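Novice: Got a structure for you, query-v4.txt, holding compact mmCIF, C-alpha atoms.
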```
# COMPACT_ATOMS: atom_id res chain seq x y z
CA THR G 70 0.61 16.55 15.91
CA LEU G 71 2.58 19.48 17.39
CA SER G 72 1.62 23.01 16.27
CA LEU G 73 3.60 26.14 17.24
CA THR G 74 2.22 29.68 17.10
CA SER G 75 3.45 32.94 18.62
CA GLY G 76 3.57 36.69 18.35
CA ALA G 77 5.99 38.52 16.07
CA THR G 78 8.75 35.92 16.57
CA MET G 79 8.55 32.19 17.21
CA SER G 80 11.53 31.27 19.36
CA ALA G 81 10.55 27.82 20.61
CA THR G 82 12.08 24.60 19.37
CA GLY G 83 9.76 21.73 18.49
CA ALA G 84 10.06 17.98 18.78
CA VAL G 85 7.78 15.04 17.94
CA ALA G 86 8.87 11.46 18.74
CA SER G 87 6.91 8.29 18.00
CA ALA G 88 7.81 4.66 18.84
CA GLN G 89 5.80 1.51 18.08
CA GLU G 90 6.61 -2.20 18.32
CA VAL G 91 4.88 -5.50 17.49
CA ASP G 92 5.91 -8.71 19.27
CA GLY G 93 2.78 -10.81 18.70
CA SER G 94 0.25 -11.50 15.96
CA VAL G 95 -2.09 -9.13 14.11
CA THR G 96 -4.81 -10.91 12.14
CA ALA G 97 -7.77 -9.85 9.99
CA SER G 98 -9.99 -12.37 8.24
CA ALA G 99 -13.05 -12.36 5.96
CA THR G 100 -14.17 -15.95 5.39
CA ASN G 101 -17.13 -17.82 3.87
CA ASN G 102 -19.04 -14.73 2.76
CA THR G 103 -21.37 -14.72 -0.24
CA ILE G 104 -22.87 -11.71 -1.96
CA SER G 105 -25.41 -13.05 -4.45
CA ASN G 106 -28.30 -12.06 -6.65
CA SER G 107 -30.20 -15.02 -8.05
CA THR G 108 -33.36 -16.56 -9.42
CA GLY G 109 -34.53 -20.01 -8.40
CA PHE G 110 -32.70 -23.05 -9.69
CA ALA G 111 -35.15 -23.73 -12.53
CA ASN G 112 -36.37 -20.20 -13.22
CA ASP G 113 -35.87 -17.97 -16.27
CA LEU G 114 -34.98 -14.31 -16.30
CA GLU G 115 -37.07 -12.60 -18.99
CA SER G 116 -37.41 -8.91 -19.89
CA SER G 117 -35.78 -8.04 -16.59
CA THR G 118 -32.48 -6.90 -15.09
CA LEU G 119 -30.38 -8.73 -12.51
CA THR G 120 -27.32 -6.82 -11.30
CA THR G 121 -24.69 -7.60 -8.67
CA THR G 122 -22.47 -4.53 -8.81
CA ALA G 123 -20.07 -2.37 -6.77
CA ASN G 124 -19.75 -4.79 -3.86
CA LEU G 125 -16.68 -5.10 -1.66
CA VAL G 126 -15.21 -7.93 0.40
CA SER G 127 -11.92 -6.96 2.04
CA SER G 128 -9.54 -7.71 4.86
CA THR G 129 -6.78 -5.35 6.04
CA ALA G 130 -4.20 -6.01 8.75
CA THR G 131 -1.49 -3.57 9.86
CA GLY G 132 1.21 -4.07 12.45
CA THR G 133 2.12 -0.46 13.29
CA SER G 134 0.75 2.76 11.84
CA ALA G 135 1.83 6.32 12.62
CA SER G 136 1.03 9.78 11.29
CA ASN G 137 3.32 12.43 12.77
CA THR G 138 3.22 16.18 12.10
CA LEU G 139 5.21 19.15 13.41
CA GLN G 140 4.12 22.51 12.06
CA THR G 141 4.45 26.22 12.60
CA THR G 142 1.32 28.12 11.63
CA SER G 143 2.32 31.81 11.57
CA GLY G 144 3.56 32.47 8.07
CA THR G 145 3.96 36.25 8.61
CA ASN G 146 6.18 35.93 11.70
CA ASN G 147 9.87 35.15 12.02
CA LEU G 148 11.39 31.90 13.31
CA SER G 149 14.33 32.27 15.71
CA LEU G 150 16.73 29.40 16.35
CA VAL G 151 20.27 29.05 17.66
CA LEU G 152 23.15 27.41 15.84
CA ASN G 153 23.80 23.74 16.58
CA VAL G 154 26.09 20.91 15.61
CA GLY G 155 23.13 19.26 13.97
CA SER G 156 22.93 15.78 12.51
CA VAL G 157 20.55 12.91 11.84
CA GLN G 158 21.59 9.36 12.67
CA ASN G 159 19.49 6.30 11.82
CA GLY G 160 20.00 2.57 12.14
CA ALA G 161 23.22 1.33 13.66
CA ALA G 162 24.60 4.88 13.64
CA ALA G 163 22.09 5.92 16.31
CA THR G 164 22.89 5.32 19.95
CA ASP G 165 19.57 3.64 20.79
CA ASP G 166 16.38 2.36 19.18
CA GLN G 167 15.17 5.86 18.30
CA PRO G 168 16.94 7.84 15.60
CA ALA G 169 19.30 10.46 17.06
CA VAL G 170 18.51 13.98 15.84
CA ILE G 171 19.99 17.35 16.73
CA ALA G 172 17.95 20.12 15.11
CA GLY G 173 15.89 23.19 15.86
CA GLN G 174 12.75 21.35 14.79
CA ALA G 175 12.97 17.55 15.02
CA LEU G 176 10.58 14.71 14.21
CA THR G 177 11.51 11.07 14.78
CA ASN G 178 9.60 7.89 14.09
CA ASP G 179 10.69 4.37 15.08
CA GLN G 180 8.65 1.25 14.23
CA ALA G 181 9.77 -2.33 14.74
CA MET G 182 8.46 -5.87 14.50
CA SER G 183 10.36 -8.56 16.39
CA SER G 184 11.21 -12.03 15.07
CA THR G 185 8.06 -13.36 16.79
CA GLY G 186 5.78 -10.80 15.15
CA SER G 187 3.35 -11.54 12.34
CA VAL G 188 0.68 -9.71 10.35
CA THR G 189 -1.90 -11.75 8.41
CA ALA G 190 -4.84 -10.68 6.24
CA SER G 191 -7.03 -13.45 4.80
CA VAL G 192 -9.95 -13.39 2.37
CA LEU G 193 -10.91 -17.03 1.95
CA ASP G 194 -13.82 -18.95 0.36
CA ASN G 195 -15.80 -15.83 -0.53
CA GLN G 196 -17.81 -15.28 -3.69
CA ILE G 197 -19.73 -12.50 -5.44
CA LEU G 198 -22.35 -14.24 -7.59
CA SER G 199 -25.04 -13.54 -10.17
CA PHE G 200 -27.09 -16.69 -10.80
CA VAL G 201 -29.93 -17.48 -13.21
CA GLY G 202 -31.24 -21.02 -12.91
CA ASP G 203 -32.44 -21.44 -16.50
CA ASP G 204 -32.68 -19.14 -19.56
CA VAL G 205 -31.95 -15.44 -19.92
CA GLY G 206 -34.38 -13.99 -22.46
CA ALA G 207 -34.36 -10.31 -23.51
CA ALA G 208 -32.85 -9.58 -20.11
CA VAL G 209 -29.70 -8.11 -18.57
CA VAL G 210 -27.37 -9.87 -16.12
CA ASP G 211 -24.47 -7.78 -14.81
CA THR G 212 -21.73 -8.74 -12.35
CA ASP G 213 -19.67 -5.56 -12.66
CA ASP G 214 -17.31 -3.32 -10.66
CA ASN G 215 -16.95 -5.60 -7.66
CA GLU G 216 -13.83 -5.83 -5.54
CA MET G 217 -12.32 -8.51 -3.34
CA SER G 218 -9.04 -7.65 -1.62
CA ALA G 219 -6.63 -8.67 1.13
CA SER G 220 -3.87 -6.37 2.35
CA ALA G 221 -1.23 -6.89 5.06
CA THR G 222 1.36 -4.29 6.11
CA GLY G 223 4.08 -4.55 8.73
CA ASN G 224 4.96 -0.91 9.46
CA GLU G 225 3.45 2.19 7.88
CA ALA G 226 4.19 5.85 8.57
CA ASP G 227 3.58 9.35 7.30
CA ASN G 228 5.84 12.09 8.72
CA THR G 229 5.69 15.82 8.00
CA ILE G 230 7.47 18.93 9.21
CA ALA G 231 5.73 22.01 7.77
CA LEU G 232 7.34 25.35 8.64
CA ALA G 233 5.64 28.61 7.74
CA PHE G 234 7.52 31.83 8.57
CA ASN G 235 8.70 35.11 7.11
CA ALA G 236 12.42 34.87 7.80
CA LEU G 237 14.83 32.96 9.98
CA GLU G 238 16.46 34.75 12.90
CA GLY G 239 18.90 33.89 15.68
CA THR G 240 22.47 32.65 15.54
CA ILE G 241 21.59 29.86 13.11
CA SER G 242 20.78 32.50 10.50
CA GLY G 243 23.21 34.24 8.20
CA ALA G 244 26.62 32.61 8.52
CA GLY G 245 25.46 30.34 11.33
CA THR G 246 25.27 26.65 10.63
CA GLY G 247 23.26 23.73 11.93
CA VAL G 248 20.15 21.72 11.17
CA VAL G 249 17.05 23.88 11.15
CA ALA G 250 14.58 21.00 10.73
CA ALA G 251 14.88 17.25 10.24
CA THR G 252 12.68 14.17 9.99
CA ALA G 253 14.20 10.81 10.85
CA ASN G 254 12.23 7.69 10.02
CA GLU G 255 13.31 4.17 11.00
CA GLN G 256 11.37 0.95 10.29
CA THR G 257 12.57 -2.59 11.04
CA LEU G 258 11.17 -6.06 10.45
CA GLY G 259 13.07 -8.70 12.42
CA ASN G 260 14.44 -11.89 10.91
CA ASN G 261 11.78 -14.63 10.66
CA SER G 262 8.86 -12.27 11.22
CA SER G 263 6.07 -12.68 8.67
CA ILE G 264 3.69 -10.55 6.60
CA THR G 265 1.07 -12.62 4.77
CA ALA G 266 -1.90 -11.64 2.62
CA ARG G 267 -3.98 -14.38 0.98
CA ASN G 268 -7.06 -13.99 -1.22
CA ALA G 269 -8.58 -17.26 -2.45
CA GLY G 270 -12.21 -17.32 -3.62
CA LEU G 271 -14.75 -20.09 -3.17
CA ASN G 272 -13.49 -23.00 -5.29
CA GLY G 273 -11.06 -20.54 -6.85
CA VAL G 274 -13.89 -18.37 -8.28
CA PRO G 275 -14.31 -15.12 -6.33
CA ILE G 276 -16.41 -13.42 -9.07
CA PHE G 277 -18.96 -15.62 -10.83
CA THR G 278 -21.78 -15.12 -13.36
CA GLN G 279 -23.66 -18.38 -13.87
CA VAL G 280 -26.53 -19.02 -16.30
CA GLY G 281 -28.09 -22.47 -16.02
CA SER G 282 -29.13 -22.81 -19.65
CA ASP G 283 -29.37 -20.49 -22.70
CA ALA G 284 -28.66 -16.81 -23.25
CA GLY G 285 -31.47 -15.61 -25.50
CA SER G 286 -33.77 -18.64 -25.80
CA ALA G 287 -37.45 -17.96 -26.49
CA LEU G 288 -36.85 -14.20 -26.21
CA PRO G 289 -33.77 -12.99 -28.13
CA GLY G 290 -31.47 -10.21 -27.01
CA ALA G 291 -29.82 -11.35 -23.79
CA SER G 292 -26.99 -9.24 -22.35
CA VAL G 293 -24.56 -10.81 -19.87
CA SER G 294 -21.58 -8.95 -18.44
CA THR G 295 -18.82 -9.79 -15.95
CA SER G 296 -16.64 -6.69 -16.22
CA GLY G 297 -14.61 -4.16 -14.27
CA ASN G 298 -14.02 -6.47 -11.33
CA THR G 299 -10.84 -6.43 -9.23
CA VAL G 300 -9.41 -9.27 -7.16
CA SER G 301 -6.22 -8.16 -5.45
CA VAL G 302 -3.77 -9.12 -2.75
CA SER G 303 -0.88 -7.07 -1.39
CA ALA G 304 1.74 -7.71 1.28
CA ASN G 305 3.99 -4.84 2.32
CA GLY G 306 6.84 -4.83 4.79
CA ASN G 307 7.88 -1.25 5.59
CA VAL G 308 5.93 1.60 4.00
CA THR G 309 6.55 5.32 4.36
CA THR G 310 4.02 7.28 2.31
CA GLY G 311 5.67 10.58 3.21
CA ASN G 312 8.78 11.71 5.06
CA ASP G 313 8.64 15.38 4.19
CA VAL G 314 10.19 18.68 5.26
CA ILE G 315 8.21 21.56 3.73
CA VAL G 316 9.34 25.17 4.21
CA ASP G 317 7.01 28.00 3.20
CA ALA G 318 8.93 31.22 3.87
CA THR G 319 9.69 34.57 2.28
CA ASN G 320 13.43 34.33 3.00
CA ILE G 321 15.30 31.09 3.72
CA THR G 322 18.77 32.49 4.21
CA SER G 323 20.35 30.72 7.15
CA GLY G 324 21.72 27.53 8.53
CA SER G 325 23.23 26.63 5.18
CA GLU G 326 25.76 23.85 5.72
CA ALA G 327 28.98 24.48 3.88
CA ASP G 328 29.35 20.79 3.13
CA PRO G 329 26.10 18.80 3.38
CA SER G 330 26.88 15.11 3.77
CA ILE G 331 25.19 11.72 3.63
CA THR G 332 26.63 8.38 4.66
CA THR G 333 24.56 5.33 3.70
CA ALA G 334 26.89 2.35 4.03
CA GLY G 335 24.42 0.64 6.34
CA LEU G 336 24.87 3.50 8.81
CA LEU G 337 22.80 6.51 7.83
CA THR G 338 24.16 9.88 8.94
CA ALA G 339 23.05 13.12 7.29
CA THR G 340 23.69 16.82 7.86
CA GLY G 341 22.26 19.87 6.17
CA SER G 342 20.00 22.85 6.85
CA PHE G 343 16.87 20.80 6.20
CA VAL G 344 17.06 16.99 6.25
CA SER G 345 14.69 14.14 5.40
CA ALA G 346 16.23 10.80 6.38
CA SER G 347 14.76 7.28 6.27
CA THR G 348 16.05 3.78 7.04
CA GLN G 349 14.12 0.59 6.31
CA THR G 350 15.39 -2.95 6.94
CA SER G 351 13.53 -6.23 6.49
CA GLY G 352 14.29 -9.81 7.46
CA ALA G 353 10.64 -10.85 7.19
CA ASP G 354 8.98 -13.49 5.03
CA ILE G 355 6.54 -11.44 2.93
CA LEU G 356 3.89 -13.28 0.91
CA ALA G 357 1.02 -12.07 -1.28
CA SER G 358 -0.93 -15.00 -2.74
CA GLN G 359 -4.04 -15.58 -4.84
CA ASN G 360 -3.65 -19.34 -4.40
CA ASN G 361 -5.28 -21.47 -1.76
CA THR G 362 -3.09 -22.75 1.05
CA GLY G 363 -2.58 -26.10 -0.70
CA GLY G 364 -1.50 -24.42 -3.94
CA THR G 365 -4.07 -26.42 -5.94
CA LEU G 366 -6.39 -23.52 -6.89
CA SER G 367 -5.81 -19.98 -8.09
CA ASN G 368 -8.45 -17.31 -8.58
CA ARG G 369 -10.45 -16.97 -11.79
CA ILE G 370 -13.21 -14.57 -12.85
CA VAL G 371 -15.81 -16.74 -14.59
CA THR G 372 -18.89 -16.41 -16.81
CA ALA G 373 -20.52 -19.79 -17.43
CA PHE G 374 -23.54 -21.08 -19.41
CA GLY G 375 -25.21 -24.46 -19.12
CA ASP G 376 -26.29 -24.45 -22.77
CA ASP G 377 -26.19 -22.18 -25.84
CA ILE G 378 -25.51 -18.50 -26.41
CA GLN G 379 -28.19 -17.73 -28.99
CA ASP G 380 -28.19 -15.19 -31.82
CA GLN G 381 -28.59 -11.50 -30.85
CA SER G 382 -27.09 -12.17 -27.43
CA THR G 383 -24.13 -10.30 -25.99
CA VAL G 384 -21.61 -11.73 -23.52
CA VAL G 385 -18.86 -9.45 -22.21
CA SER G 386 -16.00 -10.04 -19.78
CA ASP G 387 -13.83 -6.91 -19.95
CA ASP G 388 -11.48 -4.86 -17.76
CA ASN G 389 -11.16 -7.40 -14.98
CA VAL G 390 -8.00 -7.42 -12.87
CA LEU G 391 -6.28 -10.15 -10.89
CA SER G 392 -3.19 -8.84 -9.09
CA ALA G 393 -0.68 -9.92 -6.45
CA VAL G 394 1.94 -7.48 -5.14
CA ALA G 395 4.62 -8.00 -2.49
CA THR G 396 7.07 -5.32 -1.35
CA ALA G 397 9.72 -5.35 1.36
CA ASN G 398 10.51 -1.61 1.63
CA SER G 399 8.85 1.46 0.13
CA ALA G 400 9.69 5.06 1.00
CA SER G 401 8.91 8.59 -0.16
CA ASN G 402 11.23 11.33 1.13
CA SER G 403 11.29 15.00 0.20
CA VAL G 404 12.61 18.42 1.13
CA GLN G 405 10.83 21.46 -0.33
CA LEU G 406 12.42 24.86 0.24
CA GLY G 407 10.06 27.70 -0.66
CA ASP G 408 7.53 28.19 -3.39
CA ALA G 409 6.72 30.74 -6.07
CA GLU G 410 6.37 33.47 -3.41
CA THR G 411 9.81 32.86 -1.85
CA ALA G 412 12.30 35.67 -2.46
CA THR G 413 15.56 34.06 -1.31
CA VAL G 414 16.84 30.53 -0.67
CA ALA G 415 20.37 30.22 0.77
CA ALA G 416 20.21 26.91 2.60
CA SER G 417 20.89 23.26 1.90
CA GLY G 418 18.30 20.53 1.57
CA VAL G 419 19.26 16.87 2.01
CA THR G 420 17.33 13.63 1.50
CA ALA G 421 18.94 10.40 2.68
CA ASN G 422 17.41 6.98 2.18
CA TYR G 423 18.71 3.51 3.09
CA GLN G 424 16.87 0.23 2.45
CA SER G 425 17.96 -3.37 2.91
CA THR G 426 16.69 -6.95 3.07
CA SER G 427 18.45 -9.83 4.78
CA ALA G 428 18.98 -13.37 3.55
CA ALA G 429 16.77 -14.58 6.41
CA GLY G 430 13.71 -13.07 4.73
CA SER G 431 11.86 -13.55 1.45
CA VAL G 432 9.48 -11.61 -0.79
CA SER G 433 6.93 -13.57 -2.88
CA ALA G 434 3.86 -12.77 -4.96
CA LEU G 435 1.90 -15.78 -6.24
CA ILE G 436 -0.86 -15.96 -8.80
CA GLY G 437 -1.72 -19.00 -10.92
CA ILE G 438 -0.66 -22.61 -10.42
CA ALA G 439 1.80 -24.79 -12.26
CA GLY G 440 0.49 -26.55 -15.33
CA THR G 441 1.02 -30.14 -16.44
CA GLU G 442 4.56 -31.09 -17.27
CA ALA G 443 5.22 -31.12 -21.00
CA ILE G 444 5.73 -34.52 -22.66
CA ALA G 445 9.11 -34.67 -24.33
CA GLY G 446 9.20 -35.53 -28.01
CA PHE G 447 10.11 -39.09 -28.94
CA THR G 448 10.46 -41.30 -31.99
CA SER G 449 8.34 -44.44 -32.15
CA LEU G 450 9.37 -47.72 -33.78
CA ASN G 451 7.15 -46.99 -36.81
CA GLY G 452 8.83 -43.66 -37.43
CA ALA G 453 6.02 -41.43 -36.12
CA THR G 454 6.94 -38.55 -33.76
```
The structure given in the file should be rewritten as structure tokens.

Specialist:
Amino acid sequence: TLSLTSGATMSATGAVASAQEVDGSVTASATNNTISNSTGFANDLESSTLTTTANLVSSTATGTSASNTLQTTSGTNNLSLVLNVGSVQNGAAATDDQPAVIAGQALTNDQAMSSTGSVTASVLDNQILSFVGDDVGAAVVDTDDNEMSASATGNEADNTIALAFNALEGTISGAGTGVVAATANEQTLGNNSSITARNAGLNGVPIFTQVGSDAGSALPGASVSTSGNTVSVSANGNVTTGNDVIVDATNITSGSEADPSITTAGLLTATGSFVSASTQTSGADILASQNNTGGTLSNRIVTAFGDDIQDQSTVVSDDNVLSAVATANSASNSVQLGDAETATVAASGVTANYQSTSAAGSVSALIGIAGTEAIAGFTSLNGAT
């Protein structure tokens, strides 16, 4: 974070530059964990409550993560900058690995994962369990609001330029042109790199309510619930949660480009008074899976009884979620010029975004397994079908 303050006039330029790279492996694993609440194997639960609720088993792995901020903090003072031949160049348009930015206030972020890099998050053979060995009589068994998750991300960033001033001064103001402030974000996943998140519960059952015999046997009125549980897996390549230029000023009346421009044909170049530019490219294999590694089991949320569900008993399995999400590139870019208190805006704001995936990579989200092949219809010799 870079913060600029001054007296009546702020005349300093500001620059924040961040660079991160992954060449090896990043791994997070949660394996063979059990969160359980249980009676003995042959014991009843009568006129009592057994709850296994609001538990969490999770694994999160991230290759690179950056949060970059450049801000001016004197909203009543003026900001003085000189004119410039400003521009933002990302990707192949830049002269080196970092984005190339010419601006009064500049923030750049460069994150890369090489072809040998990998990020893996695993949640394997875990289970959240409520277990009653025999009957449930006039009792409550709840396995609610639990969560089991695995999340893997290659590159993630949040970039902000926040300028607070009264008015702009210097040769960039008035008829002067140039880039007052610009963010340039660049994220790359090399060909054959990998982002993998896998969440596979114990025997394919991460959330389990098991009753050995009857619900409501000698004592009527059993209540059994397996509800509000979430089993999720997400794999994300390049993520930018914010790439923002925010201007809080009384008068924004300078540096207005006569002809703001954006070129995004694989080479991102942008000009304007205030610019937010982002480039994301992925050649990675990105996988989010709720199946085991052999592909023979997929997660289920289960409520099971060994015998009968008697009269006056209630069994509920509601609002459960199984989800698998895979994303190669995700970006959020914005330019905000002024607010309700701003008197004048005479400047250009430009957002430029470029995203691509290569044929060397893949994006997959898996949940469920293939069923049995259908048997084609046929006609027998006796005419039956």

Novice: Do you have the atom CA of Leu119 of chain G-atom CA of Val210 of chain G distance handy?

Specialist: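 For atom CA of Leu119 of chain G relative to atom CA of Val210 of chain G, the distance reads 4.8 Å.
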
Novice: Using atom CA of Val390 of chain G and atom CA of Arg369 of chain G as the two end points, give the distance in Å to one decimal.

Specialist: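 Pair atom CA of Val390 of chain G / atom CA of Arg369 of chain G returns 9.9 Å.
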
Novice: As a list of chain:residue names, please: the residues near Ser87 of chain G (cut-off 7 Å, all atoms listed in the file, same-chain neighbours under 2 positions excluded).

Specialist: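 Near neighbours after the sequence-gap exclusion: G:Val85, G:Gln89, G:Thr177, G:Asn178, G:Asp179.
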
Novice: Select, from G:Val300, G:Ala291, G:Ala393, G:Ala77, the residue with the minimum atom-to-atom distance to Leu114 of chain G, counting all atoms listed in the file.

Specialist: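 Going through G:Val300, G:Ala291, G:Ala393, G:Ala77 one by one, the smallest distance to Leu114 of chain G is for G:Ala291.
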
Novice: Tell me which of G:Ala421, G:Ile438, G:Ile241, G:Ile104 sits closest to Gln349 of chain G, counting only C-alpha atoms.

Specialist: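 Comparing G:Ala421, G:Ile438, G:Ile241, G:Ile104 against Gln349 of chain G, the winner is G:Ala421.
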
Novice: May I have the residues within 9 Å of segment 214-218 of chain G as a PyMOL selection string, using only C-alpha atoms and disregarding those fewer than 4 positions away in the same chain?

Specialist: chain G and resi 121-129+191-192+195-197+267-268+270+275-276+295-303+389

Novice: Kindly save the residues from that selection, with C-alpha atoms included, as a compact mmCIF listing (two decimals), in the frame of the given file.

Specialist:
```txt
# COMPACT_ATOMS: atom_id res chain seq x y z
CA THR G 121 -24.69 -7.60 -8.67
CA THR G 122 -22.47 -4.53 -8.81
CA ALA G 123 -20.07 -2.37 -6.77
CA ASN G 124 -19.75 -4.79 -3.86
CA LEU G 125 -16.68 -5.10 -1.66
CA VAL G 126 -15.21 -7.93 0.40
CA SER G 127 -11.92 -6.96 2.04
CA SER G 128 -9.54 -7.71 4.86
CA THR G 129 -6.78 -5.35 6.04
CA SER G 191 -7.03 -13.45 4.80
CA VAL G 192 -9.95 -13.39 2.37
CA ASN G 195 -15.80 -15.83 -0.53
CA GLN G 196 -17.81 -15.28 -3.69
CA ILE G 197 -19.73 -12.50 -5.44
CA ARG G 267 -3.98 -14.38 0.98
CA ASN G 268 -7.06 -13.99 -1.22
CA GLY G 270 -12.21 -17.32 -3.62
CA PRO G 275 -14.31 -15.12 -6.33
CA ILE G 276 -16.41 -13.42 -9.07
CA THR G 295 -18.82 -9.79 -15.95
CA SER G 296 -16.64 -6.69 -16.22
CA GLY G 297 -14.61 -4.16 -14.27
CA ASN G 298 -14.02 -6.47 -11.33
CA THR G 299 -10.84 -6.43 -9.23
CA VAL G 300 -9.41 -9.27 -7.16
CA SER G 301 -6.22 -8.16 -5.45
CA VAL G 302 -3.77 -9.12 -2.75
CA SER G 303 -0.88 -7.07 -1.39
CA ASN G 389 -11.16 -7.40 -14.98
```

Novice: Just the residues within 9 Å of Glu115 of chain G, please, counting only C-alpha atoms, with nothing from its chain fewer than 2 positions along; format it as JSON, numbers by chain.

Specialist: {"G": [113, 117, 118, 204, 205, 206, 207, 208, 209, 288, 291]}

Novice: One decimal, Å: what's the distance from atom CA of Ala175 of chain G over to atom CA of Thr82 of chain G, could you say?

Specialist: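 Taking atom CA of Ala175 of chain G as the start and atom CA of Thr82 of chain G as the end point, the length is 8.3 Å.
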
Novice: Taking all atoms listed in the file into account, which of G:Gly430, G:Gly440, G:Gly259, G:Gly202 comes nearest Asp283 of chain G?

Specialist: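 Residue with the minimum atom-to-atom distance to Asp283 of chain G: G:Gly202.
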
Novice: For Thr252 of chain G, which residue out of G:Val419, G:Ala373, G:Ala429, G:Ala97 is the nearest one, using all atoms listed in the file?

Specialist: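 For Thr252 of chain G, the nearest of the candidates is G:Val419.
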
Novice: Taking all atoms listed in the file into account, name the residue in G:Thr322, G:Ser242, G:Asn368, G:Thr338 that is nearest to Ile436 of chain G.

Specialist: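 Of the candidates, the smallest distance to Ile436 of chain G is held by G:Asn368.
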
Novice: Go through G:Leu139, G:Leu356, G:Ala233, G:Ala428 one by one, measure the shortest atom-to-atom distance of each to Asp408 of chain G using all atoms listed in the file, and give the residue with the smallest value.

Specialist: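 Among the listed residues, the smallest separation from Asp408 of chain G belongs to G:Ala233.
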
Novice: For Phe277 of chain G, please output as a list of chain:residue names all residues within 7 Å (counting all atoms listed in the file; exclusion window: fewer than 6 positions along the same chain).

Specialist: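 Contacts, in chain order: G:Ile197, G:Leu198, G:Ser199, G:Ile370, G:Val371, G:Thr372.
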
Novice: Which polymer residues, protein or nucleic acid, are no farther than 9 Å from (6.4, -16.0, -0.9), counting only C-alpha atoms, as a PyMOL selection string?

Specialist: chain G and resi 265+354-358+395+431-435

Novice: Which residues are near Asn320 of chain G? Cut-off 6 Å, all atoms listed in the file, ignore same chain within fewer than 6 positions. Put them as a list of chain:residue names.

Specialist: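 Listing them by chain and then by number gives G:Ala236, G:Ala412, G:Thr413.
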